Amino acid sequence: MFMGKVVGTVWSTVKWEGLHGLKFLVVRPYHLADLAPHLLVRPTPYTMYDGVVAADVLGAGPGEDVIVAYGHSARVAVEPELPDGKLPSRPIDAAVVAIVDHYHVESAAQDEA
Amino acid sequence: MMLGRVVGEVWATRKNPRIEGRKALLVAVLGQDGEKRTPTGEVVVAFDSIGARIGHTVAVAWGSGARAVFAAPDNRWTLVDAAVARIVDAVLVEKDGKEVEERED
């Protein structure tokens, strides 16, 4: 999982059947330079952060911070429990699992203590 | 699994019911930089069940390994893709052909 900021919404008309009704967001992952730059021992090369396309069933919107899960957990996140022991199989591999209220990162002062 | 340093905590009230009650930590991924382990800059969110705190070095398990931390053996509906699997006390590394123990603070 990672924490990121919602920076956009994806619209599409042609899609796989199982994806109808699912909303997709573009989420930009937070980098340590955004959260606690004092912990970076050496400046890491600034990269163009990849935007991750994540399915959303919680109703997150642009500007909000979210937690995104990958893989099997993402499919579990958008699916009610299926009968007959079936496993979630919609073709997604990233999904919003929480909308962040608040986060706390260790401060420079704490780091020295 | 990967080594990381716990750098923060996250709180959310609007969340998937399948992660109700989980404690979410921000973990900075550590890379081997010569003889030192330093943050690569990547930050992940991992659920914790063993009491890891800010400043701890931890090993994070991914995917079905992470689900196994929380709900073995039937974890098909468990929602977790990264979990703190252990709090690291020391790492043995090879230096000049010898094994050297590097203790974590």
# chains A, B, ... in the order shown; residues from 1 in each chain; ligands from 1
call {"tool": "residues_around", "arguments": {"residues": "Asp74 in chain B", "least_positions_apart": "5", "cutoff": "12 Å", "atoms": "only C-alpha atoms", "output": "VMD selection string"}}
result
(chain A and resid 85) or (chain B and resid 64 67 to 69)
call {"tool": "interface_residues", "arguments": {"of": "chain B", "to": "chain A", "cutoff": "7 Å", "atoms": "only C-alpha atoms", "output": "PyMOL selection string"}}
result
chain B and resi 7-16+28+38-39+41-46+54+77+79-82
call {"tool": "write_last_selection", "arguments": {"atoms": "C-alpha atoms", "output": "compact mmCIF listing (two decimals), in the first residue's frame"}}
result
# COMPACT_ATOMS: atom_id res chain seq x y z
CA VAL B 7 8.54 7.35 9.98
CA GLY B 8 4.91 8.05 10.75
CA GLU B 9 1.32 7.00 11.35
CA VAL B 10 -1.89 7.50 9.36
CA TRP B 11 -5.47 7.87 10.58
CA ALA B 12 -8.60 7.47 8.50
CA THR B 13 -12.27 7.26 9.44
CA ARG B 14 -13.66 6.78 5.91
CA LYS B 15 -12.22 3.42 4.98
CA ASN B 16 -13.00 0.00 3.64
CA ALA B 28 10.42 4.58 4.46
CA THR B 38 19.65 4.71 3.94
CA PRO B 39 16.15 5.68 2.81
CA GLY B 41 12.85 7.96 -0.83
CA GLU B 42 10.01 5.53 -1.42
CA VAL B 43 7.39 5.46 1.34
CA VAL B 44 4.87 2.65 1.81
CA VAL B 45 1.93 2.12 4.14
CA ALA B 46 2.04 -1.11 6.16
CA ILE B 54 8.34 5.58 14.89
CA TRP B 77 -10.90 -11.86 1.95
CA LEU B 79 -7.47 -6.70 2.88
CA VAL B 80 -3.79 -6.05 3.48
CA ASP B 81 -0.95 -5.97 0.96
CA ALA B 82 1.87 -4.82 3.26
call {"tool": "atom_distance", "arguments": {"atom1": "CA of Thr40 in chain B", "atom2": "CA of His56 in chain B"}}
result
16.4 Å
call {"tool": "closest_residue", "arguments": {"among": "B:Ile19, B:Ala24, B:Val100, B:Val88", "to": "Gly55 in chain B", "atoms": "only C-alpha atoms"}}
result
B:Val88
call {"tool": "closest_residue", "arguments": {"among": "B:Phe47, B:Pro73, B:Gly63, B:Glu35", "to": "Asp96 in chain B", "atoms": "only C-alpha atoms"}}
result
B:Glu35
call {"tool": "atom_distance", "arguments": {"atom1": "CA of Arg5 in chain B", "atom2": "CA of Val29 in chain B"}}
result
6.6 Å
